[in-house]
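Next comes model-v6.txt, a file with compact mmCIF, C-alpha atoms.
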# COMPACT_ATOMS: atom_id res chain seq x y z
CA MET R 1 -0.63 4.96 -28.12
CA SER R 2 2.24 4.69 -30.46
CA ILE R 3 5.94 4.57 -29.88
CA ARG R 4 6.12 7.39 -32.35
CA HIS R 5 4.42 9.90 -30.05
CA GLY R 6 6.62 8.85 -27.16
CA MET R 7 9.67 9.46 -29.31
CA LEU R 8 8.32 12.80 -30.54
CA ALA R 9 7.83 13.84 -26.90
CA LEU R 10 11.49 13.06 -26.16
CA LEU R 11 12.64 14.81 -29.34
CA SER R 12 10.66 17.90 -28.37
CA VAL R 13 13.25 18.39 -25.62
CA GLY R 14 16.10 18.46 -28.14
CA PRO R 15 17.86 16.40 -30.83
CA ARG R 16 18.53 12.76 -29.95
CA TYR R 17 20.14 9.74 -31.57
CA GLY R 18 18.43 6.33 -31.76
CA TYR R 19 19.94 4.57 -28.79
CA GLN R 20 19.41 7.60 -26.62
CA LEU R 21 15.69 7.59 -27.52
CA LYS R 22 15.44 3.93 -26.56
CA GLN R 23 17.10 4.55 -23.19
CA GLU R 24 15.09 7.64 -22.32
CA PHE R 25 11.82 6.02 -23.39
CA GLU R 26 12.46 3.05 -21.14
CA ALA R 27 13.60 5.22 -18.22
CA SER R 28 10.47 7.39 -18.42
CA THR R 29 8.07 4.48 -18.61
CA GLY R 30 9.81 2.59 -15.83
CA ALA R 31 10.82 -0.22 -18.18
CA THR R 32 7.15 -1.26 -18.50
CA TRP R 33 7.60 -0.91 -22.24
CA PRO R 34 10.97 -2.14 -23.44
CA LEU R 35 11.86 -1.16 -27.02
CA ASN R 36 14.27 -2.91 -29.28
CA ILE R 37 16.64 -0.72 -31.19
CA GLY R 38 15.28 -1.99 -34.54
CA GLN R 39 11.82 -0.63 -33.64
CA VAL R 40 13.37 2.71 -32.80
CA TYR R 41 15.09 3.07 -36.17
CA THR R 42 12.07 1.79 -38.13
CA THR R 43 9.89 4.36 -36.34
CA LEU R 44 12.43 7.13 -36.96
CA SER R 45 12.59 6.42 -40.68
CA ARG R 46 8.77 6.37 -40.95
CA MET R 47 8.57 9.63 -39.08
CA GLU R 48 11.21 11.06 -41.41
CA ARG R 49 9.13 9.92 -44.41
CA ASP R 50 6.06 11.63 -42.89
CA GLY R 51 8.00 14.82 -42.27
CA LEU R 52 7.74 14.67 -38.46
CA VAL R 53 11.50 14.45 -37.84
CA GLU R 54 14.62 15.17 -39.83
CA PRO R 55 18.12 13.80 -39.57
CA GLY R 56 20.41 16.55 -38.40
CA GLY R 57 23.87 15.21 -39.09
CA ALA R 58 25.89 13.27 -36.53
CA ASP R 59 27.07 13.89 -33.00
CA ASP R 60 30.80 13.91 -32.13
CA GLN R 61 30.82 10.10 -32.05
CA GLY R 62 29.34 9.79 -35.53
CA ARG R 63 25.82 8.78 -34.46
CA SER R 64 22.91 10.07 -36.57
CA VAL R 65 20.97 12.67 -34.67
CA TYR R 66 17.27 13.42 -35.27
CA THR R 67 15.40 16.68 -34.75
CA ILE R 68 11.65 17.22 -34.43
CA THR R 69 10.06 19.32 -37.23
CA GLU R 70 7.24 21.85 -36.93
CA ALA R 71 4.83 19.19 -38.30
CA GLY R 72 6.17 16.82 -35.64
CA ARG R 73 5.42 19.36 -32.89
CA GLU R 74 1.89 19.79 -34.20
CA ASP R 75 1.34 16.04 -34.27
CA LEU R 76 2.61 15.76 -30.69
CA GLU R 77 0.41 18.64 -29.54
CA ARG R 78 -2.60 16.89 -31.10
CA TRP R 79 -1.74 13.68 -29.29
CA PHE R 80 -1.49 15.38 -25.91
CA SER R 81 -4.77 17.22 -26.41
CA THR R 82 -6.73 14.07 -27.37
CA PRO R 83 -8.07 11.93 -24.49
CA VAL R 84 -7.55 8.18 -24.65
CA GLY R 85 -10.79 6.34 -25.42
CA GLN R 86 -11.96 3.45 -23.22
CA SER R 87 -12.35 1.21 -26.26
CA ASP R 88 -8.76 1.81 -27.36
CA ARG R 89 -7.46 -0.24 -24.45
CA PRO R 90 -6.72 -3.93 -24.82
CA ARG R 91 -9.21 -6.50 -23.60
CA ASP R 92 -8.69 -7.73 -20.09
CA GLU R 93 -8.11 -11.48 -19.92
CA LEU R 94 -9.16 -11.70 -16.27
CA VAL R 95 -12.55 -10.12 -16.96
CA ILE R 96 -13.17 -12.61 -19.74
CA LYS R 97 -11.95 -15.52 -17.62
CA LEU R 98 -14.35 -14.66 -14.79
CA ALA R 99 -17.26 -14.10 -17.16
CA MET R 100 -16.57 -17.51 -18.69
CA ALA R 101 -16.24 -19.12 -15.25
CA VAL R 102 -19.74 -17.85 -14.43
CA ALA R 103 -21.05 -18.94 -17.84
CA ALA R 104 -19.55 -22.42 -17.48
CA GLN R 105 -21.82 -22.92 -14.45
CA ASP R 106 -20.13 -25.94 -12.87
CA THR R 107 -16.91 -23.98 -12.25
CA ASP R 108 -16.04 -22.95 -8.69
CA VAL R 109 -16.05 -19.21 -9.38
CA ALA R 110 -15.28 -18.33 -5.75
CA HIS R 111 -12.07 -20.33 -6.04
CA VAL R 112 -11.11 -18.57 -9.27
CA ILE R 113 -11.59 -15.25 -7.46
CA LEU R 114 -9.63 -16.34 -4.39
CA THR R 115 -6.70 -17.58 -6.46
CA GLN R 116 -6.60 -14.38 -8.47
CA ARG R 117 -6.95 -12.15 -5.43
CA THR R 118 -3.96 -13.70 -3.71
CA ALA R 119 -1.88 -13.45 -6.89
CA THR R 120 -2.90 -9.83 -7.45
CA MET R 121 -2.09 -8.97 -3.83
CA ARG R 122 1.37 -10.50 -4.22
CA ALA R 123 1.87 -8.39 -7.32
CA LEU R 124 0.75 -5.36 -5.35
CA GLN R 125 3.28 -6.15 -2.63
CA GLU R 126 6.01 -6.45 -5.26
CA LEU R 127 5.01 -3.14 -6.84
CA THR R 128 4.95 -1.41 -3.46
CA ARG R 129 8.41 -2.75 -2.73
CA ALA R 130 9.61 -1.42 -6.08
CA LYS R 131 8.06 1.93 -5.26
CA ARG R 132 9.79 2.08 -1.88
CA ALA R 133 13.11 1.31 -3.54
CA HIS R 134 12.43 3.76 -6.34
CA THR R 135 15.11 6.37 -6.94
CA GLY R 136 14.41 7.28 -10.56
CA GLY R 137 12.64 10.28 -12.02
CA LEU R 138 9.12 11.60 -11.57
CA ALA R 139 7.80 10.08 -14.82
CA GLN R 140 8.92 6.63 -13.73
CA ARG R 141 7.39 7.05 -10.27
CA LEU R 142 4.02 7.98 -11.77
CA VAL R 143 4.15 4.93 -14.03
CA LEU R 144 4.75 2.79 -10.93
CA ASP R 145 1.84 4.51 -9.20
CA SER R 146 -0.33 3.71 -12.20
CA THR R 147 0.44 -0.01 -11.99
CA ILE R 148 -0.39 0.12 -8.27
CA PHE R 149 -3.72 1.81 -8.93
CA LYS R 150 -4.54 -0.78 -11.61
CA ALA R 151 -3.74 -3.70 -9.33
CA GLU R 152 -5.82 -2.06 -6.63
CA ALA R 153 -8.77 -1.61 -8.98
CA GLU R 154 -8.53 -5.27 -9.94
CA GLN R 155 -8.53 -6.27 -6.27
CA ARG R 156 -11.59 -4.14 -5.54
CA TRP R 157 -13.38 -5.54 -8.53
CA LEU R 158 -12.64 -9.10 -7.34
CA ASP R 159 -14.08 -8.23 -3.91
CA HIS R 160 -17.12 -6.85 -5.66
CA CYS R 161 -17.53 -10.03 -7.75
CA GLU R 162 -17.30 -12.15 -4.63
CA ALA R 163 -19.92 -10.09 -2.80
CA VAL R 164 -22.32 -10.16 -5.77
CA LEU R 165 -21.91 -13.92 -6.27
CA LYS R 166 -22.50 -14.56 -2.58
CA GLU R 167 -25.65 -12.47 -2.66
CA LYS R 168 -26.98 -14.33 -5.71
CA LYS R 169 -26.28 -17.67 -4.10
CA ALA R 170 -28.01 -16.78 -0.83
CA MET Y 1 10.20 -14.65 19.43
CA THR Y 2 6.90 -13.53 18.00
CA VAL Y 3 5.51 -10.31 19.43
CA VAL Y 4 1.96 -11.56 19.20
CA SER Y 5 0.75 -15.07 18.51
CA LEU Y 6 -2.83 -16.24 17.99
CA GLN Y 7 -3.11 -19.99 18.34
CA ASP Y 8 -6.30 -21.70 17.20
CA VAL Y 9 -8.26 -18.73 18.45
CA ALA Y 10 -12.05 -18.63 18.44
CA ARG Y 11 -14.33 -15.91 19.71
CA VAL Y 12 -18.06 -16.31 20.15
CA HIS Y 13 -20.22 -13.23 20.65
CA GLU Y 14 -23.73 -14.08 21.86
CA GLY Y 15 -23.77 -17.40 20.04
CA VAL Y 16 -22.22 -16.01 16.87
CA HIS Y 17 -18.79 -17.28 15.85
CA ALA Y 18 -16.89 -14.05 15.11
CA LEU Y 19 -13.61 -15.93 14.75
CA LYS Y 20 -12.95 -19.63 14.18
CA GLY Y 21 -9.64 -21.43 14.55
CA VAL Y 22 -7.41 -18.52 13.61
CA ASN Y 23 -3.63 -18.96 13.70
CA LEU Y 24 -1.49 -15.90 13.17
CA ASP Y 25 1.98 -14.81 14.30
CA VAL Y 26 3.53 -11.38 14.00
CA SER Y 27 7.28 -11.15 14.51
CA PRO Y 28 9.49 -8.15 15.24
CA GLY Y 29 10.05 -6.24 12.02
CA GLU Y 30 6.98 -7.71 10.40
CA LEU Y 31 3.99 -5.86 8.98
CA VAL Y 32 0.92 -8.04 8.60
CA ALA Y 33 -2.20 -6.72 6.89
CA VAL Y 34 -5.64 -8.18 7.49
CA MET Y 35 -8.24 -7.72 4.77
CA GLY Y 36 -11.84 -8.79 4.59
CA PRO Y 37 -15.38 -7.52 4.15
CA SER Y 38 -17.27 -6.00 7.06
CA GLY Y 39 -18.39 -8.68 9.46
CA SER Y 40 -15.51 -11.00 8.54
CA GLY Y 41 -13.93 -10.69 12.00
CA LYS Y 42 -11.21 -8.10 11.39
CA SER Y 43 -11.99 -5.95 14.42
CA THR Y 44 -12.46 -8.97 16.66
CA LEU Y 45 -9.05 -10.23 15.56
CA LEU Y 46 -7.44 -6.88 16.28
CA ASN Y 47 -9.09 -6.60 19.71
CA LEU Y 48 -7.87 -10.06 20.65
CA ALA Y 49 -4.34 -9.40 19.39
CA GLY Y 50 -4.22 -6.23 21.49
CA GLY Y 51 -5.58 -7.75 24.65
CA LEU Y 52 -8.76 -5.66 24.53
CA ASP Y 53 -10.75 -8.88 24.55
CA ARG Y 54 -10.12 -12.51 25.52
CA PRO Y 55 -10.71 -15.52 23.23
CA THR Y 56 -13.49 -18.02 23.87
CA SER Y 57 -10.97 -20.76 23.10
CA GLY Y 58 -7.38 -20.96 21.92
CA ARG Y 59 -4.41 -18.90 23.09
CA VAL Y 60 -3.29 -15.33 22.58
CA VAL Y 61 0.31 -14.67 23.57
CA ILE Y 62 1.68 -11.12 23.67
CA GLU Y 63 5.44 -10.84 24.16
CA GLY Y 64 5.55 -14.21 25.87
CA HIS Y 65 2.53 -13.60 28.13
CA ASP Y 66 -0.44 -15.89 27.65
CA LEU Y 67 -3.44 -13.62 28.08
CA ALA Y 68 -5.30 -16.37 29.94
CA GLU Y 69 -2.69 -16.10 32.70
CA VAL Y 70 -2.41 -12.32 32.79
CA ARG Y 71 -4.40 -10.77 35.64
CA ASP Y 72 -3.83 -7.12 34.81
CA LEU Y 73 -4.54 -6.89 31.08
CA ALA Y 74 -4.56 -3.10 31.21
CA ALA Y 75 -0.98 -3.00 32.43
CA LEU Y 76 0.16 -5.40 29.70
CA ARG Y 77 -1.62 -3.32 27.09
CA ARG Y 78 -0.05 -0.10 28.29
CA ARG Y 79 3.40 -1.63 28.36
CA SER Y 80 3.36 -3.52 25.07
CA VAL Y 81 0.64 -2.35 22.73
CA GLY Y 82 -0.03 0.84 20.80
CA TYR Y 83 -3.29 1.49 18.99
CA VAL Y 84 -4.04 3.68 16.01
CA PHE Y 85 -7.65 4.04 14.97
CA GLN Y 86 -9.43 5.63 12.07
CA ASP Y 87 -11.03 8.35 14.15
CA LEU Y 88 -7.92 9.66 15.71
CA ASN Y 89 -9.17 10.33 19.22
CA LEU Y 90 -6.71 13.11 19.85
CA ILE Y 91 -7.88 15.30 22.69
CA PRO Y 92 -8.69 18.72 21.20
CA ALA Y 93 -7.78 20.67 24.35
CA LEU Y 94 -4.27 19.20 24.49
CA THR Y 95 -1.33 20.04 22.23
CA ALA Y 96 0.27 17.39 20.02
CA ALA Y 97 3.01 16.83 22.61
CA GLU Y 98 0.51 16.64 25.48
CA ASN Y 99 -1.56 14.09 23.58
CA VAL Y 100 1.53 11.94 23.05
CA MET Y 101 2.61 12.35 26.71
CA LEU Y 102 -0.73 11.19 28.05
CA PRO Y 103 -0.24 7.40 27.97
CA ARG Y 104 3.16 7.78 29.66
CA GLU Y 105 1.69 9.94 32.38
CA LEU Y 106 -0.94 7.26 32.91
CA ASP Y 107 1.97 4.85 33.30
CA GLY Y 108 3.16 7.02 36.20
CA VAL Y 109 6.06 8.61 34.34
CA ARG Y 110 6.78 12.16 35.52
CA ALA Y 111 5.67 15.01 33.27
CA ARG Y 112 9.14 16.20 32.40
CA GLN Y 113 10.33 12.79 31.29
CA ALA Y 114 7.05 12.10 29.52
CA ARG Y 115 7.50 15.32 27.55
CA GLU Y 116 11.04 14.37 26.58
CA GLU Y 117 9.83 10.99 25.37
CA ALA Y 118 6.97 12.62 23.49
CA LEU Y 119 9.28 15.07 21.74
CA ALA Y 120 11.63 12.25 20.77
CA VAL Y 121 8.88 10.18 19.21
CA LEU Y 122 7.37 13.24 17.52
CA ALA Y 123 10.78 13.85 15.98
CA GLU Y 124 10.73 10.28 14.67
CA VAL Y 125 7.52 11.02 12.79
CA ALA Y 126 9.01 14.36 11.64
CA LEU Y 127 6.59 16.48 13.65
CA ASP Y 128 8.74 17.96 16.41
CA HIS Y 129 8.18 21.42 14.91
CA ILE Y 130 4.44 21.28 15.62
CA ALA Y 131 4.69 19.78 19.12
CA ASP Y 132 2.94 22.72 20.77
CA ARG Y 133 0.08 23.05 18.31
CA PHE Y 134 -3.45 21.87 18.97
CA PRO Y 135 -5.07 19.15 16.82
CA GLN Y 136 -7.35 21.57 14.97
CA GLU Y 137 -4.26 23.47 13.81
CA LEU Y 138 -2.89 20.38 12.06
CA SER Y 139 -3.64 18.74 8.71
CA GLY Y 140 -5.35 15.34 8.61
CA GLY Y 141 -2.07 13.62 7.80
CA GLN Y 142 -0.27 15.39 10.64
CA ARG Y 143 -3.00 14.45 13.12
CA GLN Y 144 -2.71 10.82 12.12
CA ARG Y 145 1.06 10.97 12.57
CA VAL Y 146 0.55 12.39 16.06
CA ALA Y 147 -1.79 9.48 16.79
CA ILE Y 148 0.91 7.07 15.60
CA ALA Y 149 3.49 8.84 17.77
CA ARG Y 150 1.16 8.40 20.74
CA ALA Y 151 0.85 4.71 19.93
CA LEU Y 152 4.63 4.34 19.84
CA VAL Y 153 5.68 6.33 22.89
CA GLY Y 154 7.32 4.30 25.62
CA GLU Y 155 8.86 1.80 23.23
CA ARG Y 156 5.83 -0.37 22.74
CA ARG Y 157 6.73 -3.02 20.22
CA LEU Y 158 3.29 -4.04 19.02
CA LEU Y 159 1.35 -1.55 16.96
CA LEU Y 160 -2.25 -2.25 16.03
CA ALA Y 161 -3.71 -0.07 13.33
CA ASP Y 162 -7.40 -0.15 12.39
CA GLU Y 163 -7.93 1.64 9.05
CA PRO Y 164 -5.28 4.23 9.99
CA THR Y 165 -5.48 5.92 6.59
CA GLY Y 166 -9.19 6.68 7.10
CA ALA Y 167 -10.27 9.54 4.89
CA LEU Y 168 -6.75 10.64 3.94
CA ASP Y 169 -5.91 11.13 0.27
CA THR Y 170 -3.73 8.47 -1.34
CA ALA Y 171 -0.46 10.42 -1.20
CA THR Y 172 -0.94 11.16 2.53
CA GLY Y 173 -2.10 7.60 3.13
CA ASP Y 174 1.13 6.39 1.53
CA GLU Y 175 3.07 8.59 3.97
CA ILE Y 176 1.31 6.94 6.91
CA LEU Y 177 2.21 3.51 5.54
CA GLN Y 178 5.78 4.66 4.96
CA LEU Y 179 5.88 5.60 8.62
CA LEU Y 180 4.40 2.30 9.85
CA ARG Y 181 6.80 0.46 7.56
CA GLY Y 182 9.70 2.44 9.00
CA ARG Y 183 8.67 1.43 12.53
CA CYS Y 184 8.61 -2.19 11.39
CA ASP Y 185 12.03 -1.93 9.87
CA ALA Y 186 13.19 -0.54 13.25
CA GLY Y 187 11.92 -3.71 14.94
CA ALA Y 188 8.26 -3.13 15.81
CA ALA Y 189 5.52 -5.59 14.91
CA VAL Y 190 2.56 -4.05 13.14
CA LEU Y 191 -0.86 -5.55 12.59
CA LEU Y 192 -2.85 -3.47 10.13
CA VAL Y 193 -6.53 -3.81 9.32
CA THR Y 194 -7.42 -2.18 6.03
CA HIS Y 195 -9.97 -2.55 3.27
CA GLU Y 196 -7.70 -0.74 0.83
CA PRO Y 197 -5.52 -3.07 -1.26
CA ARG Y 198 -2.99 -0.31 -1.96
CA TYR Y 199 -2.11 -0.08 1.73
CA ALA Y 200 -2.14 -3.83 2.27
CA GLY Y 201 0.53 -3.88 -0.45
CA TRP Y 202 3.00 -2.44 2.08
CA ALA Y 203 2.74 -5.57 4.24
CA ASP Y 204 5.10 -8.54 4.41
CA LYS Y 205 2.10 -10.78 4.64
CA VAL Y 206 -1.53 -10.22 3.75
CA VAL Y 207 -4.22 -12.33 5.38
CA PHE Y 208 -7.73 -12.55 3.92
CA LEU Y 209 -10.50 -13.10 6.47
CA ARG Y 210 -13.83 -14.57 5.41
CA ASP Y 211 -16.60 -15.38 7.88
CA GLY Y 212 -14.22 -15.49 10.83
CA GLU Y 213 -11.65 -17.73 9.16
CA ILE Y 214 -8.41 -17.10 7.33
CA ALA Y 215 -9.37 -17.87 3.73
CA ASP Y 216 -5.92 -17.31 2.27
CA SER Y 217 -2.65 -15.53 2.82
CA THR Y 218 0.22 -14.33 0.66
CA GLU Y 219 2.76 -15.78 3.07
CA VAL Y 220 4.51 -18.69 1.37
CA PRO Y 221 5.93 -17.17 -1.83
CA LEU Y 222 7.00 -14.03 0.02
CA GLU Y 223 9.03 -15.95 2.55
CA SER Y 224 10.81 -17.85 -0.19
CA ALA Y 225 11.36 -14.64 -2.16
CA ARG Y 226 13.41 -13.09 0.61

Please render this file's structure as structure tokens.
Amino acid sequence: MSIRHGMLALLSVGPRYGYQLKQEFEASTGATWPLNIGQVYTTLSRMERDGLVEPGGADDQGRSVYTITEAGREDLERWFSTPVGQSDRPRDELVIKLAMAVAAQDTDVAHVILTQRTATMRALQELTRAKRAHTGGLAQRLVLDSTIFKAEAEQRWLDHCEAVLKEKKA
Amino acid sequence: MTVVSLQDVARVHEGVHALKGVNLDVSPGELVAVMGPSGSGKSTLLNLAGGLDRPTSGRVVIEGHDLAEVRDLAALRRRSVGYVFQDLNLIPALTAAENVMLPRELDGVRARQAREEALAVLAEVALDHIADRFPQELSGGQRQRVAIARALVGERRLLLADEPTGALDTATGDEILQLLRGRCDAGAAVLLVTHEPRYAGWADKVVFLRDGEIADSTEVPLESAR
């Protein structure tokens, strides 16, 4: 995923200036991906170079406004129609840590699992609280749901690891 | 005062230690989730907390009554405890309102008053408009909400829920948890057994049971975070 496609998606709604893109990006993603304003302008100028956006003058407060081009719309369409590959996602530190705990042999793997499970459950409680308090838009709510599903998957996987280890030991 | 308190509770079933030395308190306004694999003692814990069973050793205190000293457990259960199970156990030949009235009628409350109470609690779970429908005319989520209403009627302050989200989809399951959470925030104590982490996430405290013992709990940091 690139910031550029996120910004193109926002620009497909209508012309925006830099700071506005930053704010809307963060609001949609539930602040899980904060942008700094420098990144926003760097990305805009690269997209301008590649013909995906064009500067369209200034708004009434003198801020430079950008508009998506036809090439930009095509690029965005391509992005939406391409599924995300499993291998494009970052490596998971926890998976590696547990694999190494098993490989290290004299490590108390069950304890590693227990410690992580409690921490993940606390995170899940926090996320659920955030969801209950949530008053933002639909995009943000779905991002929150996604983090809940991920934490849940991690918890289930830890349960699975524990059960498998117990079986092997017995 | 805690609504239910388990103090160093053990339960032995035919020589097998189903629970060992469990300590657990649930206060008014608190939602406690119990997680653990099958055979870890979750159901035993819930049965003891609800007075459906007595401990082999240790104390179980429900609203100030030590179960060891209570002669009529059934009366204490009816007065204080509501149960919600996975298989809803609504009676198909009775309407939603009649199902909710039933425990009050068993308490000796007259039909008219029982119906008023049932309608009030159905309104609390936003189902007063379907009060006169039969269970098979309701969605899975609605049926479970009726079961929760039945568990709440008569102002019982302890709610025990055993996998109450059963086969519901996640959005409907979230609604059930929202409802249980709302009852907690109104002062009830809820003890929830679930194997689904996403629903345990709604709890104030999550307890992990392993082989009849509490292996860990999320309690400490949460208390300090408040």

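Applying a distance limit of 6 Å to only C-alpha atoms, the residues of chain R near chain Y read R:Leu124, R:Gln125, R:Thr128, R:Glu152.
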
Quick one, how far is CA of Pro15 (chain R) from CA of Leu142 (chain R)? 25.0 Å

Would you list the residues near (-2.6, 8.2, 15.9) (no more than 9 Å away, in the coordinates of the file, using only C-alpha atoms) as a list in words?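 Nearby residues: Tyr83, Val84, Phe85, Gln86, Asp87, Leu88, Asn89, Leu90, Arg143, Gln144, Arg145, Val146, Ala147, Ile148, Ala149, Arg150, Ala151, Ala161 and Pro164 of chain Y.
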
Just give me the residues with any atom within 12 Å of (2.4, -18.5, 17.1), file coordinates, counting all atoms listed in the file, written as a PyMOL selection string. chain Y and resi 1-9+22-27+49+58-64+66

How many Å lie between CA of Leu11 (chain R) and CA of Gly62 (chain R), rounded to one decimal?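 Answer for the CA of Leu11 (chain R) to CA of Gly62 (chain R) separation: 18.5 Å.
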
Show me, as a list in words, the residues that have an atom within 12 Å of Tyr17 (chain R) when counting all atoms listed in the file, minus same-chain residues fewer than 4 positions from it.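 These residues fall inside the cut-off: Met7, Leu10, Leu11, Leu21, Lys22, Gln23, Glu24, Ile37, Val40, Tyr41, Leu44, Val53, Glu54, Pro55, Gly56, Gly57, Ala58, Asp59, Asp60, Gln61, Gly62, Arg63, Ser64, Val65, Tyr66, Thr67 and Ile68 of chain R.
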
May I have the residues within 12 Å of Trp157 (chain R) as a PyMOL selection string, using all atoms listed in the file and disregarding those fewer than 4 positions away in the same chain? (chain R and resi 94-95+98+113+116-117+120+150-153+161-164) or (chain Y and resi 196-197)

So how many Å separate CA of Arg129 (chain R) and CA of Thr165 (chain Y), to one decimal?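 Separation between CA of Arg129 (chain R) and CA of Thr165 (chain Y): 18.8 Å.
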
Edge lengths and centre in Å to one decimal, as JSON, of the axis-aligned box that encloses all listed atoms of region 67-70 of chain R with 4 Å added on every side?
{"center_x": 11.3, "center_y": 19.3, "center_z": -35.8, "size_x": 16.2, "size_y": 13.2, "size_z": 10.8}

Applying 9 Å and only C-alpha atoms, which residues near region 106-110 of chain Y remain after dropping the ones on its own chain fewer than 3 positions away? List them as a ChimeraX atom specification. /Y:75,78-79,101-103,113-115

Could you list, as an NGL selection string, every residue within 12 Å of Ser139 (chain Y), counting all atoms listed in the file and ignoring same-chain residues fewer than 2 positions away? :Y and (127 or 130 or 133-137 or 141-146 or 167-169 or 172)
